[in-house]
$ cat target.txt   # compact mmCIF, C-alpha atoms and all ligand atoms
# COMPACT_ATOMS: atom_id res chain seq x y z
CA MET I 1 0.00 0.00 0.00
CA ASN I 2 1.18 3.53 -0.76
CA SER I 3 2.34 5.66 2.14
CA ILE I 4 0.43 8.69 0.93
CA ILE I 5 -3.30 8.16 0.47
CA LYS I 6 -5.05 10.41 -2.02
CA PHE I 7 -8.76 11.15 -1.88
CA THR I 8 -11.27 11.59 -4.65
CA SER I 9 -14.26 13.90 -4.30
CA ASN I 10 -16.76 13.12 -1.55
CA ARG I 11 -19.72 15.43 -1.97
CA VAL I 12 -22.21 15.64 0.87
CA TRP I 13 -25.85 16.77 0.90
CA ARG I 14 -26.49 19.81 3.07
CA THR I 15 -29.40 22.07 3.89
CA TYR I 16 -28.12 24.95 1.74
CA GLN I 17 -27.08 25.51 -1.88
CA GLY I 18 -23.66 25.78 -3.49
CA GLY I 19 -20.98 23.60 -5.01
CA LYS I 20 -20.67 25.08 -8.50
CA LEU I 21 -16.96 25.72 -7.95
CA LEU I 22 -16.54 22.18 -6.64
CA ASP I 23 -18.21 20.88 -9.81
CA THR I 24 -15.75 22.98 -11.80
CA ILE I 25 -12.80 21.62 -9.82
CA GLU I 26 -14.05 18.10 -10.54
CA GLY I 27 -14.25 18.88 -14.26
CA LYS I 28 -18.00 18.34 -14.51
CA ALA I 29 -19.48 19.27 -17.91
CA GLU I 30 -22.14 21.61 -16.55
CA PRO I 31 -21.12 22.97 -13.16
CA LYS I 32 -24.08 24.12 -11.08
CA ASP I 33 -25.09 24.93 -7.55
CA SER I 34 -27.06 22.21 -5.82
CA SER I 35 -27.67 20.65 -2.40
CA PHE I 36 -24.12 19.23 -2.53
CA PRO I 37 -22.07 22.31 -1.56
CA GLU I 38 -19.41 20.45 0.45
CA ASP I 39 -16.66 17.90 -0.15
CA TRP I 40 -15.56 16.05 3.00
CA ILE I 41 -11.86 15.28 2.81
CA GLY I 42 -10.56 12.06 4.37
CA SER I 43 -13.64 12.09 6.55
CA THR I 44 -14.11 9.45 9.23
CA VAL I 45 -17.41 11.10 10.21
CA GLU I 46 -20.86 10.29 8.85
CA ALA I 47 -23.08 13.22 7.96
CA ARG I 48 -26.28 13.57 10.02
CA ASN I 49 -28.88 14.47 7.43
CA VAL I 50 -32.40 14.06 8.80
CA GLY I 51 -34.60 12.36 6.21
CA ARG I 52 -31.59 10.84 4.46
CA GLU I 53 -30.65 8.28 7.12
CA HIS I 54 -30.96 5.54 4.48
CA ILE I 55 -28.00 7.07 2.62
CA SER I 56 -24.51 6.80 4.08
CA GLU I 57 -22.86 10.15 3.45
CA GLY I 58 -19.73 11.80 4.69
CA LEU I 59 -17.32 8.88 5.07
CA ALA I 60 -14.33 9.09 2.71
CA MET I 61 -13.85 5.98 0.58
CA VAL I 62 -10.48 4.79 -0.71
CA PRO I 63 -9.37 1.76 -2.74
CA ASN I 64 -7.90 -1.21 -0.81
CA GLU I 65 -5.18 -3.58 -2.12
CA ASN I 66 -7.81 -5.34 -4.27
CA ASN I 67 -8.96 -2.03 -5.69
CA GLU I 68 -12.29 -2.27 -3.93
CA LEU I 69 -13.67 0.93 -2.39
CA VAL I 70 -13.66 0.75 1.39
CA ALA I 71 -14.19 3.33 4.11
CA PHE I 72 -10.98 5.22 4.88
CA LYS I 73 -11.65 4.72 8.59
CA ASP I 74 -11.60 0.95 8.07
CA VAL I 75 -8.24 1.23 6.32
CA LEU I 76 -6.92 3.25 9.27
CA ALA I 77 -8.08 0.51 11.64
CA THR I 78 -5.93 -2.09 9.85
CA LYS I 79 -2.68 -0.39 10.95
CA GLN I 80 -3.80 2.24 13.40
CA ALA I 81 -0.40 2.68 15.07
CA HIS I 82 1.24 3.39 11.69
CA PHE I 83 -1.50 5.67 10.41
CA LEU I 84 -2.42 7.64 13.51
CA GLY I 85 0.63 7.23 15.79
CA GLU I 86 0.65 8.15 19.45
CA GLU I 87 0.28 11.12 21.70
CA ASN I 88 2.11 11.07 25.05
CA GLY I 89 2.61 7.32 24.69
CA GLU I 90 -1.11 6.66 24.10
CA PRO I 91 -2.38 5.47 20.70
CA ARG I 92 -4.35 8.11 18.86
CA SER I 93 -7.95 7.38 17.91
CA LEU I 94 -10.26 8.39 15.07
CA ASP I 95 -11.62 11.13 17.35
CA ASP I 96 -8.26 12.90 16.95
CA ILE I 97 -8.66 13.31 13.18
CA PRO I 98 -10.00 16.76 12.33
CA LEU I 99 -12.90 16.85 9.90
CA VAL I 100 -11.82 18.83 6.85
CA LYS I 101 -14.16 20.09 4.11
CA TYR I 102 -14.25 22.19 1.01
CA LEU I 103 -17.32 24.38 1.44
CA ASP I 104 -18.68 26.42 -1.48
CA SER I 105 -21.75 28.53 -0.64
CA SER I 106 -24.01 30.19 -3.17
CA THR I 107 -26.50 31.40 -0.55
CA ARG I 108 -26.08 32.65 3.00
CA LEU I 109 -26.26 29.66 5.31
CA HIS I 110 -28.86 29.48 8.07
CA PHE I 111 -27.83 30.69 11.53
CA GLN I 112 -26.37 27.96 13.68
CA ALA I 113 -24.24 27.24 16.75
CA HIS I 114 -22.22 24.14 17.56
CA PRO I 115 -21.53 22.57 20.94
CA THR I 116 -18.15 22.82 22.62
CA ARG I 117 -16.29 19.61 23.40
CA GLU I 118 -17.27 19.92 27.07
CA PHE I 119 -20.94 20.34 26.21
CA SER I 120 -20.86 17.35 23.85
CA GLN I 121 -19.23 15.13 26.44
CA GLN I 122 -21.28 16.25 29.43
CA ARG I 123 -24.68 16.79 27.85
CA LEU I 124 -24.77 14.76 24.64
CA GLY I 125 -22.58 11.77 25.51
CA MET I 126 -20.49 12.43 22.41
CA PRO I 127 -16.67 12.61 22.36
CA ARG I 128 -16.29 15.77 20.29
CA GLY I 129 -17.95 19.15 19.83
CA LYS I 130 -17.67 21.22 16.70
CA THR I 131 -15.27 24.09 17.10
CA GLU I 132 -14.62 25.07 13.48
CA ALA I 133 -12.16 27.13 11.47
CA TYR I 134 -12.29 28.72 8.04
CA VAL I 135 -9.43 29.31 5.62
CA ILE I 136 -10.94 31.49 2.90
CA LEU I 137 -9.78 30.28 -0.54
CA GLN I 138 -11.85 32.23 -3.06
CA THR I 139 -14.88 34.48 -3.21
CA ARG I 140 -17.32 34.66 -6.10
CA GLU I 141 -17.45 37.71 -8.32
CA GLY I 142 -20.49 39.93 -8.29
CA ILE I 143 -21.69 39.34 -4.75
CA GLY I 144 -20.61 42.64 -3.20
CA THR I 145 -18.58 42.26 -0.04
CA PRO I 146 -18.26 38.62 1.01
CA TYR I 147 -18.85 38.18 4.75
CA ILE I 148 -19.48 35.87 7.63
CA TYR I 149 -21.51 36.40 10.77
CA ALA I 150 -19.97 35.36 14.10
CA GLY I 151 -21.20 36.64 17.38
CA PHE I 152 -23.07 37.98 19.00
CA GLN I 153 -21.95 41.63 18.63
CA ARG I 154 -25.13 42.66 20.48
CA SER I 155 -26.25 39.74 22.63
CA PRO I 156 -29.93 39.16 23.23
CA SER I 157 -31.03 37.75 26.56
CA ARG I 158 -31.72 34.03 26.62
CA GLU I 159 -35.48 34.67 26.85
CA GLN I 160 -35.33 37.16 23.99
CA LEU I 161 -33.46 34.73 21.76
CA LYS I 162 -35.88 31.96 22.67
CA GLU I 163 -38.81 34.09 21.59
CA TRP I 164 -37.12 35.11 18.35
CA ILE I 165 -36.30 31.49 17.54
CA GLU I 166 -39.86 30.37 18.31
CA THR I 167 -41.37 33.14 16.20
CA GLN I 168 -38.51 32.93 13.66
CA ASN I 169 -37.89 36.66 13.88
CA ILE I 170 -34.82 36.48 11.66
CA ASP I 171 -34.54 40.27 11.29
CA ALA I 172 -34.16 40.54 15.06
CA ILE I 173 -31.63 37.69 15.14
CA GLU I 174 -29.65 39.19 12.26
CA SER I 175 -29.60 42.57 14.03
CA CYS I 176 -27.44 40.96 16.75
CA PHE I 177 -24.59 40.57 14.24
CA ASP I 178 -22.38 42.81 12.12
CA LYS I 179 -21.10 41.50 8.80
CA ILE I 180 -17.44 40.51 9.06
CA PRO I 181 -15.86 41.07 5.61
CA VAL I 182 -13.70 38.18 4.36
CA LYS I 183 -11.15 37.79 1.56
CA PRO I 184 -8.95 34.97 0.28
CA GLY I 185 -6.20 34.15 2.75
CA ASP I 186 -8.23 35.13 5.84
CA VAL I 187 -8.37 32.58 8.65
CA PHE I 188 -11.05 32.44 11.35
CA LEU I 189 -11.69 30.22 14.34
CA ILE I 190 -15.27 29.90 15.59
CA PRO I 191 -15.23 28.23 19.00
CA GLY I 192 -18.11 25.96 19.98
CA GLY I 193 -21.00 27.97 21.43
CA ARG I 194 -20.54 30.97 19.15
CA PRO I 195 -23.54 31.58 16.86
CA HIS I 196 -22.62 32.15 13.23
CA ALA I 197 -23.70 32.07 9.59
CA LEU I 198 -21.54 31.96 6.48
CA GLY I 199 -22.31 34.45 3.74
CA GLU I 200 -22.88 33.60 0.10
CA GLY I 201 -20.16 33.18 -2.51
CA ILE I 202 -17.36 31.81 -0.36
CA LEU I 203 -15.09 28.87 -1.14
CA MET I 204 -13.22 27.83 1.97
CA LEU I 205 -11.36 25.00 3.57
CA GLU I 206 -13.19 24.26 6.78
CA ILE I 207 -11.40 22.43 9.59
CA MET I 208 -13.36 21.26 12.61
CA GLU I 209 -13.68 18.77 15.40
CA PRO I 210 -14.89 15.48 13.95
CA SER I 211 -18.64 15.74 14.46
CA ASP I 212 -21.74 16.92 12.61
CA LEU I 213 -23.55 18.47 15.58
CA ALA I 214 -25.42 21.72 14.97
CA VAL I 215 -28.13 23.83 16.58
CA ARG I 216 -29.87 25.30 13.53
CA PHE I 217 -31.90 28.21 14.79
CA GLU I 218 -33.03 29.61 11.45
CA PHE I 219 -35.50 27.08 10.13
CA GLU I 220 -36.01 28.17 6.52
CA ARG I 221 -33.52 29.32 3.93
CA CYS I 222 -34.18 29.69 0.21
CA GLY I 223 -37.31 27.56 0.37
CA TYR I 224 -35.85 24.65 2.32
CA VAL I 225 -37.39 24.08 5.77
CA ILE I 226 -35.14 22.30 8.25
CA PRO I 227 -37.05 19.36 9.77
CA GLU I 228 -37.78 19.63 13.48
CA GLN I 229 -35.41 16.84 14.56
CA ALA I 230 -32.58 18.57 12.72
CA ARG I 231 -33.00 21.91 14.50
CA PHE I 232 -31.84 21.28 18.06
CA MET I 233 -29.82 18.05 17.68
CA GLY I 234 -32.97 16.06 18.49
CA ARG I 235 -33.26 17.84 21.88
CA ASP I 236 -35.55 20.59 23.18
CA ILE I 237 -35.08 24.34 22.78
CA GLU I 238 -33.77 24.79 26.34
CA THR I 239 -30.95 22.33 25.64
CA ALA I 240 -30.28 24.16 22.37
CA LEU I 241 -30.11 27.50 24.20
CA ASP I 242 -27.62 26.01 26.66
CA VAL I 243 -25.22 25.59 23.72
CA PHE I 244 -24.96 29.35 23.13
CA ASN I 245 -22.16 31.56 24.34
CA PHE I 246 -24.03 34.82 25.00
CA ASP I 247 -20.94 36.88 25.90
CA PRO I 248 -20.96 39.77 23.43
CA VAL I 249 -18.08 40.20 20.99
CA ALA I 250 -18.16 43.90 20.15
CA LYS I 251 -17.15 45.01 16.67
CA ASP I 252 -13.66 46.04 17.80
CA GLU I 253 -13.18 42.67 19.55
CA VAL I 254 -14.10 40.53 16.53
CA ASP I 255 -10.54 40.19 15.25
CA THR I 256 -9.16 39.26 18.67
CA GLU I 257 -11.90 36.71 19.24
CA PHE I 258 -12.25 35.09 15.81
CA ARG I 259 -9.38 36.00 13.47
CA CYS I 260 -6.20 33.91 13.38
CA HIS I 261 -2.90 35.61 12.58
CA PRO I 262 -0.49 33.30 10.73
CA SER I 263 3.11 33.22 11.93
CA VAL I 264 6.24 31.96 10.19
CA ILE I 265 7.69 28.70 11.56
CA ASN I 266 10.64 28.67 9.16
CA ASP I 267 11.69 30.32 5.92
CA ASP I 268 14.81 29.46 3.88
CA GLY I 269 14.76 32.83 2.10
CA LYS I 270 14.44 31.02 -1.26
CA GLY I 271 10.68 30.88 -1.48
CA ASN I 272 10.19 27.83 0.73
CA ASN I 273 8.51 28.32 4.06
CA LEU I 274 6.19 26.86 6.63
CA SER I 275 3.72 28.94 8.60
CA LEU I 276 1.32 28.30 11.43
CA LEU I 277 -2.25 29.34 10.57
CA ILE I 278 -4.09 27.87 13.54
CA GLY I 279 -2.19 26.88 16.66
CA PRO I 280 -2.38 26.56 20.44
CA GLU I 281 -3.13 30.27 20.84
CA ASN I 282 -6.36 29.70 18.92
CA THR I 283 -7.61 26.24 19.95
CA PRO I 284 -6.53 22.90 21.44
CA CYS I 285 -8.79 21.10 18.92
CA PHE I 286 -6.59 21.05 15.79
CA THR I 287 -3.59 22.67 14.13
CA VAL I 288 -3.29 24.05 10.59
CA LYS I 289 -0.01 24.89 8.84
CA ARG I 290 0.70 26.13 5.36
CA ALA I 291 3.69 24.81 3.44
CA THR I 292 4.81 27.03 0.56
CA VAL I 293 7.30 25.39 -1.78
CA SER I 294 9.03 27.12 -4.70
CA SER I 295 11.67 24.46 -5.31
CA GLN I 296 12.14 21.46 -3.02
CA VAL I 297 12.01 20.95 0.75
CA SER I 298 12.60 18.02 3.10
CA ARG I 299 10.29 17.61 6.04
CA GLU I 300 10.28 15.52 9.18
CA GLY I 301 7.38 14.70 11.44
CA THR I 302 5.75 12.07 13.60
CA THR I 303 2.16 13.30 13.46
CA PHE I 304 -0.33 12.42 10.73
CA PHE I 305 -1.98 15.16 8.70
CA LEU I 306 -4.54 15.78 5.97
CA GLY I 307 -2.98 17.83 3.17
CA VAL I 308 -4.86 20.04 0.70
CA VAL I 309 -3.15 21.62 -2.30
CA THR I 310 -4.55 25.12 -2.71
CA GLU I 311 -2.14 26.37 -5.39
CA GLY I 312 0.52 25.15 -7.78
CA CYS I 313 1.48 21.60 -8.61
CA GLY I 314 4.31 19.23 -7.85
CA GLU I 315 4.80 16.05 -5.89
CA ILE I 316 5.30 14.56 -2.46
CA ARG I 317 8.04 11.94 -2.19
CA VAL I 318 8.34 9.30 0.50
CA GLY I 319 11.49 7.29 -0.19
CA ASP I 320 11.02 6.00 -3.75
CA GLU I 321 7.29 6.61 -3.72
CA VAL I 322 6.27 9.68 -5.72
CA THR I 323 2.73 11.05 -5.49
CA GLN I 324 1.75 13.75 -7.96
CA LEU I 325 0.00 16.78 -6.53
CA LYS I 326 -2.05 19.32 -8.41
CA GLN I 327 -4.25 22.20 -7.30
CA TRP I 328 -7.20 21.04 -5.17
CA ASP I 329 -5.75 17.54 -4.57
CA ARG I 330 -6.14 16.18 -1.04
CA PHE I 331 -4.20 13.46 0.69
CA PHE I 332 -3.37 11.80 4.01
CA CYS I 333 0.18 11.53 5.32
CA PRO I 334 0.41 8.82 8.02
CA ALA I 335 2.17 9.35 11.37
CA GLY I 336 4.56 6.55 10.37
CA VAL I 337 5.95 8.63 7.49
CA ASN I 338 8.72 10.44 9.34
CA ASN I 339 10.50 11.96 6.35
CA PHE I 340 9.13 13.26 3.09
CA GLU I 341 9.89 15.86 0.44
CA TYR I 342 7.73 18.35 -1.39
CA VAL I 343 8.82 19.29 -4.91
CA CYS I 344 7.28 22.18 -6.82
CA HIS I 345 6.73 21.86 -10.59
CA SER I 346 4.82 25.06 -11.28
CA ASP I 347 5.74 28.71 -11.67
CA THR I 348 3.35 29.49 -8.84
CA PRO I 349 4.65 28.03 -5.57
CA LEU I 350 3.08 24.79 -4.40
CA SER I 351 0.86 25.71 -1.46
CA ILE I 352 -0.36 22.98 0.88
CA LEU I 353 -2.61 23.36 3.89
CA GLU I 354 -1.72 20.69 6.44
CA CYS I 355 -4.39 19.85 9.03
CA TYR I 356 -3.12 18.11 12.19
CA PRO I 357 -4.75 16.76 15.33
CA GLY I 358 -4.80 18.79 18.57
CA ASN I 359 -1.84 21.00 19.27
CA THR I 360 0.84 19.63 16.95
CA GLN I 361 4.26 21.30 17.11
O1 LIG I 401 -25.40 20.84 8.48
P1 LIG I 401 -25.90 22.09 7.88
O2 LIG I 401 -26.93 22.73 8.70
O3 LIG I 401 -26.28 21.95 6.45
O4 LIG I 401 -24.67 23.05 7.99
C1 LIG I 401 -23.98 23.50 6.95
C2 LIG I 401 -22.58 23.90 7.30
O5 LIG I 401 -22.59 24.99 8.16
C3 LIG I 401 -21.31 25.56 8.38
O6 LIG I 401 -21.42 26.67 9.24
C4 LIG I 401 -20.39 24.52 8.98
O7 LIG I 401 -20.82 24.19 10.26
C5 LIG I 401 -20.39 23.29 8.10
O8 LIG I 401 -19.55 22.31 8.66
C6 LIG I 401 -21.77 22.77 7.91
O9 LIG I 401 -21.78 21.62 7.11
$ encode --input "target.txt" --output "structure tokens"
Amino acid sequence: MNSIIKFTSNRVWRTYQGGKLLDTIEGKAEPKDSSFPEDWIGSTVEARNVGREHISEGLAMVPNENNELVAFKDVLATKQAHFLGEENGEPRSLDDIPLVKYLDSSTRLHFQAHPTREFSQQRLGMPRGKTEAYVILQTREGIGTPYIYAGFQRSPSREQLKEWIETQNIDAIESCFDKIPVKPGDVFLIPGGRPHALGEGILMLEIMEPSDLAVRFEFERCGYVIPEQARFMGRDIETALDVFNFDPVAKDEVDTEFRCHPSVINDDGKGNNLSLLIGPENTPCFTVKRATVSSQVSREGTTFFLGVVTEGCGEIRVGDEVTQLKQWDRFFCPAGVNNFEYVCHSDTPLSILECYPGNTQ
């Protein structure tokens, strides 16, 4: 079996529209927006889509030695120590693998909030919450200023929010937020508990804790009505309200609270560098680095990662094994691969987002 595992597209049904750019990336003849606006990369998580329980969605599939498609998580289980490695002498588990997605919105998403890890463990009996991060890759032309909502800037009281949710007073809910403008290259971290909504026309890489738990408190968007069981994680509204962090984040605190500021880890001065996009200052849940390669670099490591090529093309070499990389490719590098090389073949530098578990050095 190859050391590096590449993934093909893995589109997932969602409650909102988008995906035209993902169709384009996949080379589809007639790219269009649809209910498949996301591509889950190396996912070991099943999507929770109420009404579609008969369809298994979300899990990444990869070919085994006999060229049969099997769930990536089952492949990991065959040699877990090699693939996932250890942390502090303890074997890592599937719960350590961040969930990584391409997300391509054509409409504003409904307002939602996700549980923190503590809330999930204590109140839902689940191992992980859904702290999530956005690396903005592209924005669509002709949509004005692309934005996200993350808040609240002006917090309602719990009772007020409850009433607005029950009466679906979306104008009142929206008035609690200011639009946060976004552009390619921006990085945001939305901790569990923080209400948010993504604006239209954004292609991003989304990195999150491995779960699909959401409180969806706007019930209708663009004609689609979210079924009752899908609104509050199958719980009641009081439990849903417990998920919210009501501490206000005033306009001038938004950057401190949500924006991540990349820092350089190393730079050889010849166009090859590694930077930290999301690290321990932002969250304990996952780590994101960006490798920029203009020629060739050798790397060492003992922690697995999911890699996503956002620009350029080239290859990743592990010993004699050469894996070609082109823009938008995604792959898994096992913990057992301790040395590898990136080689750039394009005029534009090869740019790879590397998504690691927890706080990886
Ligand atoms: O699961 P639904 O409600 O369609 O959410 C749509 C999307 O919302 C975003 O804010 C993120 O949380 C995504 O991970 C999620 O898939």
$ closest_residue --input "target.txt" --among "I:Gly18, I:Gly51, I:Pro349, I:Pro31" --to "Cys222 (chain I)" --atoms "only C-alpha atoms"
I:Gly18
$ residues_near_ligand --input "target.txt" --ligand "ligand LIG 401 (chain I)" --cutoff "6 Å" --atoms "all atoms listed in the file" --output "list in words"
Arg14, Thr15, Tyr16, Ala197 and Leu198 of chain I
$ atom_distance --input "target.txt" --atom1 "CA of Gln138 (chain I)" --atom2 "CA of Cys313 (chain I)"
17.9 Å
$ closest_atom_pairs --input "target.txt" --of "region 34-76 of chain I" --to "region 81-98 of chain I" --cutoff "10 Å" --atoms "only C-alpha atoms" --output "tab-separated table"
residue	atom	partner	partner_atom	distance
I:Ile41	CA	I:Pro98	CA	9.8
I:Gly42	CA	I:Ile97	CA	9.1
I:Ser43	CA	I:Pro98	CA	8.3
I:Thr44	CA	I:Leu94	CA	7.1
I:Val45	CA	I:Leu94	CA	9.1
I:Lys73	CA	I:Leu94	CA	7.6
I:Val75	CA	I:Phe83	CA	9.0
I:Leu76	CA	I:Phe83	CA	6.0
$ atom_distance --input "target.txt" --atom1 "CA of Ser175 (chain I)" --atom2 "CA of Val254 (chain I)"
15.8 Å
$ closest_residue --input "target.txt" --among "I:Pro227, I:Glu206, I:His196, I:His114" --to "Arg52 (chain I)" --atoms "only C-alpha atoms"
I:Pro227
$ atom_distance --input "target.txt" --atom1 "CA of Glu228 (chain I)" --atom2 "CA of Leu213 (chain I)"
14.4 Å
$ closest_residue --input "target.txt" --among "I:Ser34, I:Thr283, I:Ser157, I:Thr78" --to "Thr116 (chain I)" --atoms "only C-alpha atoms"
I:Thr283
$ residues_around --input "target.txt" --residues "region 105-113 of chain I" --least-positions-apart "3" --cutoff "6 Å" --atoms "only C-alpha atoms" --output "PDB file with C-alpha atoms, in the coordinates of the input"
ATOM      1  CA  GLN I  17     -27.080  25.510  -1.880  1.00  0.00           C
ATOM      2  CA  GLY I  18     -23.660  25.780  -3.490  1.00  0.00           C
ATOM      3  CA  GLY I 193     -21.000  27.970  21.430  1.00  0.00           C
ATOM      4  CA  ARG I 194     -20.540  30.970  19.150  1.00  0.00           C
ATOM      5  CA  PRO I 195     -23.540  31.580  16.860  1.00  0.00           C
ATOM      6  CA  HIS I 196     -22.620  32.150  13.230  1.00  0.00           C
ATOM      7  CA  ALA I 197     -23.700  32.070   9.590  1.00  0.00           C
ATOM      8  CA  LEU I 198     -21.540  31.960   6.480  1.00  0.00           C
ATOM      9  CA  GLY I 199     -22.310  34.450   3.740  1.00  0.00           C
ATOM     10  CA  GLU I 200     -22.880  33.600   0.100  1.00  0.00           C
ATOM     11  CA  GLY I 201     -20.160  33.180  -2.510  1.00  0.00           C
ATOM     12  CA  ILE I 202     -17.360  31.810  -0.360  1.00  0.00           C
ATOM     13  CA  ALA I 214     -25.420  21.720  14.970  1.00  0.00           C
ATOM     14  CA  VAL I 215     -28.130  23.830  16.580  1.00  0.00           C
ATOM     15  CA  ARG I 216     -29.870  25.300  13.530  1.00  0.00           C
ATOM     16  CA  PHE I 217     -31.900  28.210  14.790  1.00  0.00           C
ATOM     17  CA  GLU I 218     -33.030  29.610  11.450  1.00  0.00           C
TER      18      GLU I 218
END
$ residues_near_point --input "target.txt" --point "(-2.4, 22.8, 2.0)" --cutoff "10 Å" --atoms "only C-alpha atoms" --output "PyMOL selection string"
chain I and resi 205+288-292+306-311+327-331+350-355
$ closest_residue --input "target.txt" --among "I:Arg48, I:Trp13, I:Tyr134, I:Thr139" --to "Gly234 (chain I)" --atoms "only C-alpha atoms"
I:Arg48
$ residues_around --input "target.txt" --residues "Thr167 (chain I)" --least-positions-apart "5" --cutoff "12 Å" --atoms "only C-alpha atoms" --output "list in words"
Gln160, Leu161, Lys162, Ala172, Ile173, Phe217, Glu218 and Phe219 of chain I
$ residues_around --input "target.txt" --residues "Thr131 (chain I)" --least-positions-apart "6" --cutoff "10 Å" --atoms "only C-alpha atoms" --output "list in words"
Ala113, His114, Pro115, Thr116, Arg117, Leu189, Ile190, Pro191, Gly192, Gly193, Arg194, Ile207, Met208, Glu209, Pro210, Ser211, Thr283, Pro284, Cys285 and Phe286 of chain I
$ closest_residue --input "target.txt" --among "I:Phe304, I:Phe7, I:Tyr224, I:Phe72" --to "Val337 (chain I)" --atoms "only C-alpha atoms"
I:Phe304
$ closest_residue --input "target.txt" --among "I:Leu137, I:Val12, I:Leu21, I:Val243" --to "Phe119 (chain I)" --atoms "all atoms listed in the file"
I:Val243
$ build_atoms --input "target.txt" --residues "region 180-185 of chain I" --atoms "all heavy atoms" --output "PDB file, keeping the file's coordinate frame"
ATOM      1  N   ILE I 180     -18.911  40.503   8.963  1.00  0.00           N
ATOM      2  CA  ILE I 180     -17.440  40.510   9.060  1.00  0.00           C
ATOM      3  C   ILE I 180     -16.917  40.258   7.638  1.00  0.00           C
ATOM      4  O   ILE I 180     -17.107  39.153   7.113  1.00  0.00           O
ATOM      5  CB  ILE I 180     -16.942  39.422  10.026  1.00  0.00           C
ATOM      6  CG1 ILE I 180     -17.582  39.605  11.408  1.00  0.00           C
ATOM      7  CG2 ILE I 180     -15.424  39.404  10.099  1.00  0.00           C
ATOM      8  CD1 ILE I 180     -17.325  38.445  12.372  1.00  0.00           C
ATOM      9  N   PRO I 181     -16.315  41.269   6.996  1.00  0.00           N
ATOM     10  CA  PRO I 181     -15.860  41.070   5.610  1.00  0.00           C
ATOM     11  C   PRO I 181     -14.746  40.015   5.558  1.00  0.00           C
ATOM     12  O   PRO I 181     -13.903  39.971   6.465  1.00  0.00           O
ATOM     13  CB  PRO I 181     -15.328  42.439   5.195  1.00  0.00           C
ATOM     14  CG  PRO I 181     -15.623  43.371   6.310  1.00  0.00           C
ATOM     15  CD  PRO I 181     -15.971  42.585   7.520  1.00  0.00           C
ATOM     16  N   VAL I 182     -14.757  39.202   4.499  1.00  0.00           N
ATOM     17  CA  VAL I 182     -13.700  38.180   4.360  1.00  0.00           C
ATOM     18  C   VAL I 182     -13.086  38.264   2.967  1.00  0.00           C
ATOM     19  O   VAL I 182     -13.740  38.688   2.017  1.00  0.00           O
ATOM     20  CB  VAL I 182     -14.242  36.745   4.602  1.00  0.00           C
ATOM     21  CG1 VAL I 182     -14.874  36.624   5.967  1.00  0.00           C
ATOM     22  CG2 VAL I 182     -15.231  36.302   3.515  1.00  0.00           C
ATOM     23  N   LYS I 183     -11.832  37.833   2.862  1.00  0.00           N
ATOM     24  CA  LYS I 183     -11.150  37.790   1.560  1.00  0.00           C
ATOM     25  C   LYS I 183     -10.219  36.571   1.551  1.00  0.00           C
ATOM     26  O   LYS I 183      -9.870  36.044   2.638  1.00  0.00           O
ATOM     27  CB  LYS I 183     -10.384  39.090   1.308  1.00  0.00           C
ATOM     28  CG  LYS I 183      -9.355  39.382   2.359  1.00  0.00           C
ATOM     29  CD  LYS I 183      -8.610  40.668   2.042  1.00  0.00           C
ATOM     30  CE  LYS I 183      -7.446  40.904   2.996  1.00  0.00           C
ATOM     31  NZ  LYS I 183      -7.616  40.505   4.392  1.00  0.00           N
ATOM     32  N   PRO I 184      -9.828  36.132   0.342  1.00  0.00           N
ATOM     33  CA  PRO I 184      -8.950  34.970   0.280  1.00  0.00           C
ATOM     34  C   PRO I 184      -7.713  35.150   1.153  1.00  0.00           C
ATOM     35  O   PRO I 184      -7.127  36.229   1.185  1.00  0.00           O
ATOM     36  CB  PRO I 184      -8.594  34.883  -1.203  1.00  0.00           C
ATOM     37  CG  PRO I 184      -9.762  35.512  -1.895  1.00  0.00           C
ATOM     38  CD  PRO I 184     -10.218  36.624  -0.991  1.00  0.00           C
ATOM     39  N   GLY I 185      -7.366  34.105   1.865  1.00  0.00           N
ATOM     40  CA  GLY I 185      -6.200  34.150   2.750  1.00  0.00           C
ATOM     41  C   GLY I 185      -6.593  34.368   4.205  1.00  0.00           C
ATOM     42  O   GLY I 185      -5.812  34.051   5.109  1.00  0.00           O
TER      43      GLY I 185
END
